[in-house]
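Listing of upload35.json; format and content: JSON, C-alpha atoms.
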```json
[["chain", "number", "residue", "atom", "x", "y", "z"],
["A", 176, "ASP", "CA", -11.80, -4.42, 15.11],
["A", 177, "GLN", "CA", -11.22, -0.93, 13.84],
["A", 178, "GLN", "CA", -7.47, -0.37, 14.13],
["A", 179, "VAL", "CA", -7.66, 3.21, 12.86],
["A", 180, "LYS", "CA", -10.45, 5.34, 14.20],
["A", 181, "GLN", "CA", -11.69, 8.81, 13.38],
["A", 182, "ASN", "CA", -14.24, 9.52, 16.07],
["A", 183, "SER", "CA", -15.71, 12.66, 14.54],
["A", 184, "PRO", "CA", -17.83, 11.95, 11.46],
["A", 185, "SER", "CA", -18.10, 15.67, 10.76],
["A", 186, "LEU", "CA", -16.51, 19.01, 11.62],
["A", 187, "SER", "CA", -17.65, 22.51, 10.74],
["A", 188, "VAL", "CA", -15.38, 25.58, 11.00],
["A", 189, "GLN", "CA", -15.38, 29.18, 9.83],
["A", 190, "GLU", "CA", -13.16, 30.32, 7.00],
["A", 191, "GLY", "CA", -9.83, 31.57, 8.29],
["A", 192, "ARG", "CA", -9.96, 29.56, 11.52],
["A", 193, "ILE", "CA", -8.06, 26.41, 12.36],
["A", 194, "SER", "CA", -9.43, 22.96, 11.50],
["A", 195, "ILE", "CA", -8.24, 20.08, 13.66],
["A", 196, "LEU", "CA", -9.01, 16.54, 12.53],
["A", 197, "ASN", "CA", -8.17, 13.69, 14.87],
["A", 198, "CYS", "CA", -7.24, 10.05, 14.40],
["A", 199, "ASP", "CA", -6.49, 7.27, 16.90],
["A", 200, "TYR", "CA", -4.89, 3.90, 16.22],
["A", 201, "THR", "CA", -4.51, 0.74, 18.25],
["A", 202, "ASN", "CA", -1.79, -1.24, 16.44],
["A", 203, "SER", "CA", 1.61, -0.31, 17.90],
["A", 204, "MET", "CA", 3.29, -1.81, 14.81],
["A", 205, "PHE", "CA", 2.03, 1.01, 12.60],
["A", 206, "ASP", "CA", 4.95, 3.28, 11.76],
["A", 207, "TYR", "CA", 3.78, 5.38, 8.84],
["A", 208, "PHE", "CA", 0.70, 7.54, 8.70],
["A", 209, "LEU", "CA", -0.98, 9.36, 5.84],
["A", 210, "TRP", "CA", -3.90, 11.71, 5.33],
["A", 211, "TYR", "CA", -6.01, 11.62, 2.19],
["A", 212, "LYS", "CA", -8.59, 14.14, 1.08],
["A", 213, "LYS", "CA", -11.68, 13.21, -0.94],
["A", 214, "TYR", "CA", -14.07, 15.44, -2.84],
["A", 215, "PRO", "CA", -17.50, 14.15, -3.92],
["A", 216, "ALA", "CA", -17.45, 11.95, -7.05],
["A", 217, "GLU", "CA", -13.64, 11.84, -7.00],
["A", 218, "GLY", "CA", -11.08, 9.40, -5.65],
["A", 219, "PRO", "CA", -9.05, 10.18, -2.53],
["A", 220, "THR", "CA", -5.87, 12.16, -3.07],
["A", 221, "PHE", "CA", -2.79, 12.12, -0.89],
["A", 222, "LEU", "CA", -2.40, 15.15, 1.35],
["A", 223, "ILE", "CA", 0.42, 14.67, 3.85],
["A", 224, "SER", "CA", 2.24, 11.91, 5.70],
["A", 225, "ILE", "CA", 4.43, 11.35, 8.73],
["A", 226, "SER", "CA", 6.87, 8.67, 9.78],
["A", 227, "SER", "CA", 6.89, 7.41, 13.35],
["A", 228, "ILE", "CA", 10.41, 8.75, 13.83],
["A", 229, "LYS", "CA", 8.97, 12.27, 13.67],
["A", 230, "ASP", "CA", 6.34, 14.01, 15.75],
["A", 231, "LYS", "CA", 5.46, 16.75, 13.27],
["A", 232, "ASN", "CA", 5.40, 17.29, 9.53],
["A", 233, "GLU", "CA", 4.38, 20.49, 7.82],
["A", 234, "ASP", "CA", 3.36, 21.30, 4.25],
["A", 235, "GLY", "CA", 2.05, 24.79, 3.71],
["A", 236, "ARG", "CA", -1.25, 25.20, 5.54],
["A", 237, "PHE", "CA", -1.29, 21.53, 6.58],
["A", 238, "THR", "CA", 0.52, 20.12, 9.61],
["A", 239, "VAL", "CA", 0.30, 16.59, 10.96],
["A", 240, "PHE", "CA", 1.21, 15.85, 14.57],
["A", 241, "LEU", "CA", 1.97, 12.38, 15.88],
["A", 242, "ASN", "CA", 1.83, 11.37, 19.54],
["A", 243, "LYS", "CA", 3.13, 7.81, 19.62],
["A", 244, "SER", "CA", 2.61, 7.26, 23.33],
["A", 245, "ALA", "CA", -1.07, 8.16, 22.96],
["A", 246, "LYS", "CA", -1.36, 6.44, 19.56],
["A", 247, "HIS", "CA", -2.92, 9.62, 18.26],
["A", 248, "LEU", "CA", -2.39, 11.85, 15.28],
["A", 249, "SER", "CA", -4.02, 15.05, 14.18],
["A", 250, "LEU", "CA", -4.19, 17.15, 11.05],
["A", 251, "HIS", "CA", -4.21, 20.92, 11.44],
["A", 252, "ILE", "CA", -5.33, 23.18, 8.62],
["A", 253, "VAL", "CA", -4.49, 26.86, 9.10],
["A", 254, "PRO", "CA", -6.11, 28.99, 7.83],
["A", 255, "SER", "CA", -9.10, 26.93, 6.67],
["A", 256, "GLN", "CA", -10.56, 27.76, 3.27],
["A", 257, "PRO", "CA", -13.92, 26.82, 1.70],
["A", 258, "GLY", "CA", -12.03, 24.70, -0.85],
["A", 259, "ASP", "CA", -10.83, 22.51, 2.03],
["A", 260, "SER", "CA", -14.38, 21.20, 2.47],
["A", 261, "ALA", "CA", -14.00, 17.47, 1.82],
["A", 262, "VAL", "CA", -13.84, 14.10, 3.55],
["A", 263, "TYR", "CA", -10.48, 13.48, 5.21],
["A", 264, "PHE", "CA", -9.24, 9.93, 5.72],
["A", 265, "CYS", "CA", -6.49, 8.97, 8.11],
["A", 266, "ALA", "CA", -4.48, 5.86, 7.12],
["A", 267, "ALA", "CA", -1.73, 3.83, 8.74],
["A", 268, "SER", "CA", 0.75, 1.17, 7.64],
["A", 269, "GLY", "CA", 3.74, -0.71, 8.96],
["A", 270, "VAL", "CA", 7.00, -1.83, 7.40],
["A", 271, "TYR", "CA", 6.42, -5.19, 9.08],
["A", 272, "GLN", "CA", 3.90, -5.84, 6.32],
["A", 273, "THR", "CA", 6.12, -7.66, 3.89],
["A", 274, "SER", "CA", 3.87, -7.86, 0.88],
["A", 275, "GLY", "CA", 1.80, -5.14, -0.59],
["A", 276, "SER", "CA", 0.74, -1.89, 0.91],
["A", 277, "ARG", "CA", -1.63, -2.82, 3.68],
["A", 278, "LEU", "CA", -2.92, 0.62, 4.39],
["A", 279, "THR", "CA", -5.59, 0.63, 7.09],
["A", 280, "PHE", "CA", -8.01, 3.52, 6.74],
["A", 281, "GLY", "CA", -10.16, 5.30, 9.26],
["A", 282, "GLU", "CA", -13.84, 6.01, 8.69],
["A", 283, "GLY", "CA", -13.29, 9.55, 7.45],
["A", 284, "THR", "CA", -14.28, 12.99, 8.74],
["A", 285, "GLN", "CA", -16.40, 15.37, 6.67],
["A", 286, "LEU", "CA", -14.92, 18.87, 7.01],
["A", 287, "THR", "CA", -17.11, 21.83, 6.08],
["A", 288, "VAL", "CA", -15.52, 25.27, 5.96],
["A", 289, "ASN", "CA", -18.13, 28.01, 6.00],
["A", 290, "PRO", "CA", -17.43, 31.34, 4.24],
["B", 138, "ASN", "CA", -1.56, 12.19, -17.97],
["B", 139, "ALA", "CA", -4.55, 9.92, -17.23],
["B", 140, "GLY", "CA", -3.25, 8.33, -14.00],
["B", 141, "VAL", "CA", -5.70, 5.68, -12.77],
["B", 142, "THR", "CA", -8.79, 5.20, -14.93],
["B", 143, "GLN", "CA", -11.85, 3.29, -13.76],
["B", 144, "THR", "CA", -14.87, 2.25, -15.79],
["B", 145, "PRO", "CA", -17.80, 2.35, -15.52],
["B", 146, "LYS", "CA", -18.56, 5.27, -13.19],
["B", 147, "PHE", "CA", -22.01, 3.92, -12.31],
["B", 148, "GLN", "CA", -23.55, 0.46, -12.53],
["B", 149, "VAL", "CA", -26.81, -1.12, -11.41],
["B", 150, "LEU", "CA", -26.99, -4.91, -11.18],
["B", 151, "LYS", "CA", -29.58, -7.43, -10.20],
["B", 152, "THR", "CA", -28.78, -10.00, -7.54],
["B", 153, "GLY", "CA", -26.90, -12.91, -9.09],
["B", 154, "GLN", "CA", -25.55, -11.03, -12.08],
["B", 155, "SER", "CA", -21.83, -10.89, -12.72],
["B", 156, "MET", "CA", -19.75, -8.00, -13.98],
["B", 157, "THR", "CA", -16.22, -6.69, -14.26],
["B", 158, "LEU", "CA", -15.01, -3.34, -13.00],
["B", 159, "GLN", "CA", -12.12, -2.11, -15.11],
["B", 160, "CYS", "CA", -9.01, -0.36, -13.84],
["B", 161, "ALA", "CA", -6.04, 0.84, -15.85],
["B", 162, "GLN", "CA", -3.02, 2.92, -14.92],
["B", 163, "ASP", "CA", -0.40, 4.52, -17.17],
["B", 164, "MET", "CA", 2.24, 5.28, -14.54],
["B", 165, "ASN", "CA", 4.10, 1.97, -14.83],
["B", 166, "HIS", "CA", 3.16, 1.13, -11.24],
["B", 167, "GLU", "CA", 3.83, -2.39, -10.06],
["B", 168, "TYR", "CA", 1.32, -2.25, -7.21],
["B", 169, "MET", "CA", -2.42, -2.08, -7.85],
["B", 170, "SER", "CA", -5.32, -2.59, -5.47],
["B", 171, "TRP", "CA", -9.07, -2.46, -5.08],
["B", 172, "TYR", "CA", -10.90, -0.84, -2.16],
["B", 173, "ARG", "CA", -14.54, -0.48, -1.29],
["B", 174, "GLN", "CA", -15.92, 2.49, 0.59],
["B", 175, "ASP", "CA", -18.97, 2.07, 2.77],
["B", 176, "PRO", "CA", -20.55, 4.65, 5.09],
["B", 177, "GLY", "CA", -18.96, 4.60, 8.54],
["B", 178, "MET", "CA", -16.37, 2.01, 7.53],
["B", 179, "GLY", "CA", -13.73, 3.90, 5.60],
["B", 180, "LEU", "CA", -11.88, 2.21, 2.78],
["B", 181, "ARG", "CA", -11.38, -1.55, 2.99],
["B", 182, "LEU", "CA", -8.92, -3.49, 0.87],
["B", 183, "ILE", "CA", -10.46, -6.19, -1.35],
["B", 184, "HIS", "CA", -7.55, -7.54, -3.41],
["B", 185, "TYR", "CA", -4.14, -6.31, -4.42],
["B", 186, "SER", "CA", -1.33, -7.13, -6.82],
["B", 187, "VAL", "CA", 2.40, -6.45, -6.55],
["B", 188, "GLY", "CA", 3.07, -7.16, -10.22],
["B", 189, "ALA", "CA", 1.81, -8.95, -13.32],
["B", 190, "GLY", "CA", 0.77, -12.49, -12.51],
["B", 191, "ILE", "CA", 0.75, -11.90, -8.73],
["B", 192, "THR", "CA", -2.41, -11.24, -6.73],
["B", 193, "ASP", "CA", -3.39, -11.60, -3.10],
["B", 194, "GLN", "CA", -6.40, -11.13, -0.86],
["B", 195, "GLY", "CA", -7.06, -8.10, 1.24],
["B", 196, "GLU", "CA", -9.42, -7.60, 4.15],
["B", 197, "VAL", "CA", -12.75, -8.30, 2.36],
["B", 198, "PRO", "CA", -12.09, -10.60, -0.64],
["B", 199, "ASN", "CA", -15.18, -12.83, -0.58],
["B", 200, "GLY", "CA", -17.35, -12.56, -3.69],
["B", 201, "TYR", "CA", -14.64, -10.91, -5.77],
["B", 202, "ASN", "CA", -12.04, -12.20, -8.17],
["B", 203, "VAL", "CA", -9.02, -10.48, -9.71],
["B", 204, "SER", "CA", -6.28, -11.19, -12.21],
["B", 205, "ARG", "CA", -3.24, -9.23, -13.38],
["B", 206, "SER", "CA", -2.12, -10.22, -16.86],
["B", 207, "THR", "CA", -0.43, -6.89, -17.63],
["B", 208, "THR", "CA", 1.22, -4.17, -15.56],
["B", 209, "GLU", "CA", -1.40, -1.64, -16.68],
["B", 210, "ASP", "CA", -4.69, -3.44, -15.98],
["B", 211, "PHE", "CA", -6.27, -4.86, -12.84],
["B", 212, "PRO", "CA", -9.93, -5.81, -13.35],
["B", 213, "LEU", "CA", -12.22, -6.71, -10.45],
["B", 214, "ARG", "CA", -14.87, -9.36, -11.09],
["B", 215, "LEU", "CA", -18.06, -9.78, -9.13],
["B", 216, "LEU", "CA", -18.96, -13.42, -9.56],
["B", 217, "SER", "CA", -22.59, -13.33, -8.38],
["B", 218, "ALA", "CA", -23.64, -9.89, -7.19],
["B", 219, "ALA", "CA", -25.32, -9.52, -3.81],
["B", 220, "PRO", "CA", -26.97, -6.46, -2.21],
["B", 221, "SER", "CA", -24.13, -6.42, 0.35],
["B", 222, "GLN", "CA", -21.80, -5.51, -2.51],
["B", 223, "THR", "CA", -23.55, -2.20, -3.04],
["B", 224, "SER", "CA", -20.70, 0.21, -2.48],
["B", 225, "VAL", "CA", -18.29, 2.64, -4.08],
["B", 226, "TYR", "CA", -15.24, 0.89, -5.48],
["B", 227, "PHE", "CA", -11.84, 2.50, -5.88],
["B", 228, "CYS", "CA", -8.83, 1.24, -7.72],
["B", 229, "ALA", "CA", -5.46, 2.52, -6.48],
["B", 230, "SER", "CA", -1.85, 2.10, -7.51],
["B", 231, "SER", "CA", 1.64, 2.93, -6.38],
["B", 232, "PHE", "CA", 5.13, 2.31, -7.70],
["B", 233, "LEU", "CA", 6.09, -0.64, -5.50],
["B", 234, "GLY", "CA", 3.40, -0.84, -2.82],
["B", 235, "THR", "CA", 5.79, -0.28, 0.06],
["B", 236, "ALA", "CA", 4.44, 0.94, 3.38],
["B", 237, "ASN", "CA", 5.59, 4.54, 2.96],
["B", 238, "GLU", "CA", 4.32, 5.12, -0.57],
["B", 239, "LYS", "CA", 1.29, 7.20, -1.34],
["B", 240, "LEU", "CA", -1.48, 5.62, -3.37],
["B", 241, "PHE", "CA", -2.98, 7.13, -6.51],
["B", 242, "PHE", "CA", -6.72, 6.51, -6.72],
["B", 243, "GLY", "CA", -9.14, 6.36, -9.60],
["B", 244, "SER", "CA", -12.39, 8.34, -9.47],
["B", 245, "GLY", "CA", -14.47, 5.36, -8.36],
["B", 246, "THR", "CA", -17.35, 3.16, -9.52],
["B", 247, "GLN", "CA", -20.69, 3.51, -7.76],
["B", 248, "LEU", "CA", -22.31, 0.06, -7.77],
["B", 249, "SER", "CA", -25.86, -0.72, -6.73],
["B", 250, "VAL", "CA", -27.08, -4.30, -6.46],
["B", 251, "LEU", "CA", -30.86, -4.68, -6.32]]
```

Exercise: express the given structure as structure tokens:
Amino acid sequence: DQQVKQNSPSLSVQEGRISILNCDYTNSMFDYFLWYKKYPAEGPTFLISISSIKDKNEDGRFTVFLNKSAKHLSLHIVPSQPGDSAVYFCAASGVYQTSGSRLTFGEGTQLTVNP
Amino acid sequence: NAGVTQTPKFQVLKTGQSMTLQCAQDMNHEYMSWYRQDPGMGLRLIHYSVGAGITDQGEVPNGYNVSRSTTEDFPLRLLSAAPSQTSVYFCASSFLGTANEKLFFGSGTQLSVL
């Protein structure tokens, strides 16, 4: 079963507008969430994270919102730039996992920002 | 500052062949891991290690073998390649592998098994 789900395989937005990428999870034991960005022919790179004790975390143009009751998080990019075009992965983990980082990833969303 | 280095970048194998994907990191990270990325399935954990001499299975370990003789290196062995192992493989590391640490990824190995 897919415990972390990104229901939109792709998203296209105009430069300067807001991009909203969504992620849903089913495991209520997850308490830490991360977003990774991946360009073609490169490995994923960390973008932003949020702990379950918060409902929002901001870093420049990137903001992640967490709604624990809905088991939903979203990544907002404002304003969107062509260089933001990439695949975005949502990932979740829980401190209950005693050995190793058992990050569970979503399927990814391809964001295309058009000039 | 090399970070996480994976070799080779591309590989084509025939069914039944074996090979080793190399991964090295120079950040003195204790935790290292291997993921595979398949269309529509995200990144799935194959094996991981929390330090030299310690390895454990992830979500999809069958057909793969790992060892960790040094802190820096974490090779992934395909024992007898199958077409189902066609994928992009990523090595990743972090300092301790705790739940709230970000992972550093290598640039990936694109593997095709014919």

Query raised in the report: Could you list, as a VMD selection string, every residue of chain A that has an atom within 12 Å of an atom of chain B, counting all atoms listed in the file?
Result: chain A and resid 176 to 185 204 to 227 262 to 285

If you take every atom of region 224-233 of chain B that the file lists and fit an axis-aligned box around them with 5 Å extra on each side, what centre and edge lengths come out in Å to one decimal, as AutoDock Vina command-line options?
```
--center_x -7.3 --center_y 1.1 --center_z -5.1 --size_x 36.8 --size_y 13.6 --size_z 15.2
```

Report task. Considering only C-alpha atoms, return as number ranges by chain whatever protein or nucleic-acid residues lie within 9 Å of Asp210 (chain B), sequence-local ones (same chain, fewer than 6 positions apart) excluded. Result -> B: 159-162, 169, 189, 204

Requested in this report: Please identify all polymer residues within 7 Å of Ser249 (chain B), counting only C-alpha atoms, omitting same-chain residues fewer than 6 positions from it, and present them as a VMD selection string.
Outcome: chain B and resid 148 to 150 223 to 224

Requested in this report: Go ahead and find all residues with at least one atom no further than 10 Å from (0.3, 4.9, -20.2) in the file's coordinates, using all atoms listed in the file; report them as a list of chain:residue names.
Outcome: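 Protein, DNA and RNA residues close to (0.3, 4.9, -20.2): B:Asn138, B:Ala139, B:Gly140, B:Val141, B:Ala161, B:Gln162, B:Asp163, B:Met164, B:Asn165, B:Glu209.
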
Query - Test item: residues at most 8 Å from region 240-243 of chain A, all atoms listed in the file, excluding those fewer than 2 positions along its chain, as a list in words - result: Ile225, Ser227, Lys229, Asp230, Lys231, Asn232, Thr238, Ala245, Lys246, His247, Leu248, Ser249 and Leu250 of chain A

Requested in this report: Have a look at CA of Val250 (chain B) and CA of Phe147 (chain B) and let me know their distance in Å, one decimal.
Outcome: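 Distance reported for this atom pair: 11.3 Å.
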
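Going from CA of Val197 (chain B) to CA of His184 (chain B) covers 7.8 Å.
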
Query - Point-to-point distance in Å for CA of Gln143 (chain B) and CA of Gln194 (chain B) - result: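 The value is 20.1 Å.
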
Query raised in the report: Nearest to Val203 (chain B): which of B:Met156, B:Leu251, B:Phe232, B:Ala219 is it, counting all atoms listed in the file?
Result: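 Once distances to Val203 (chain B) are computed over all atoms listed in the file, the minimum belongs to B:Met156.
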
As a tab-separated table (two decimals), in the frame of the given file, could you write out region 190-206 of chain B once it has been completed with N, CA and C atoms?
```tsv
chain	number	residue	atom	x	y	z
B	190	GLY	N	0.80	-11.08	-12.87
B	190	GLY	CA	0.77	-12.49	-12.51
B	190	GLY	C	0.71	-12.78	-11.02
B	191	ILE	N	0.73	-11.72	-10.18
B	191	ILE	CA	0.75	-11.90	-8.73
B	191	ILE	C	-0.41	-11.15	-8.11
B	192	THR	N	-1.31	-11.88	-7.44
B	192	THR	CA	-2.41	-11.24	-6.73
B	192	THR	C	-2.53	-11.84	-5.34
B	193	ASP	N	-3.19	-11.10	-4.45
B	193	ASP	CA	-3.39	-11.60	-3.10
B	193	ASP	C	-4.64	-10.96	-2.52
B	194	GLN	N	-5.16	-11.60	-1.47
B	194	GLN	CA	-6.40	-11.13	-0.86
B	194	GLN	C	-6.13	-10.03	0.14
B	195	GLY	N	-7.10	-9.14	0.23
B	195	GLY	CA	-7.06	-8.10	1.24
B	195	GLY	C	-7.98	-8.45	2.39
B	196	GLU	N	-8.60	-7.44	2.95
B	196	GLU	CA	-9.42	-7.60	4.15
B	196	GLU	C	-10.79	-8.21	3.85
B	197	VAL	N	-11.38	-7.87	2.68
B	197	VAL	CA	-12.75	-8.30	2.36
B	197	VAL	C	-12.81	-8.90	0.96
B	198	PRO	N	-12.19	-10.07	0.72
B	198	PRO	CA	-12.09	-10.60	-0.64
B	198	PRO	C	-13.28	-11.43	-1.12
B	199	ASN	N	-14.14	-11.87	-0.20
B	199	ASN	CA	-15.18	-12.83	-0.58
B	199	ASN	C	-16.16	-12.23	-1.58
B	200	GLY	N	-16.42	-12.99	-2.65
B	200	GLY	CA	-17.35	-12.56	-3.69
B	200	GLY	C	-16.70	-11.81	-4.83
B	201	TYR	N	-15.38	-11.65	-4.74
B	201	TYR	CA	-14.64	-10.91	-5.77
B	201	TYR	C	-13.47	-11.74	-6.29
B	202	ASN	N	-13.16	-11.50	-7.55
B	202	ASN	CA	-12.04	-12.20	-8.17
B	202	ASN	C	-11.20	-11.18	-8.93
B	203	VAL	N	-9.89	-11.38	-8.97
B	203	VAL	CA	-9.02	-10.48	-9.71
B	203	VAL	C	-7.99	-11.28	-10.49
B	204	SER	N	-7.40	-10.63	-11.48
B	204	SER	CA	-6.28	-11.19	-12.21
B	204	SER	C	-5.41	-10.02	-12.65
B	205	ARG	N	-4.15	-10.29	-12.94
B	205	ARG	CA	-3.24	-9.23	-13.38
B	205	ARG	C	-2.36	-9.80	-14.49
B	206	SER	N	-2.87	-9.68	-15.72
B	206	SER	CA	-2.12	-10.22	-16.86
B	206	SER	C	-1.13	-9.21	-17.42
```
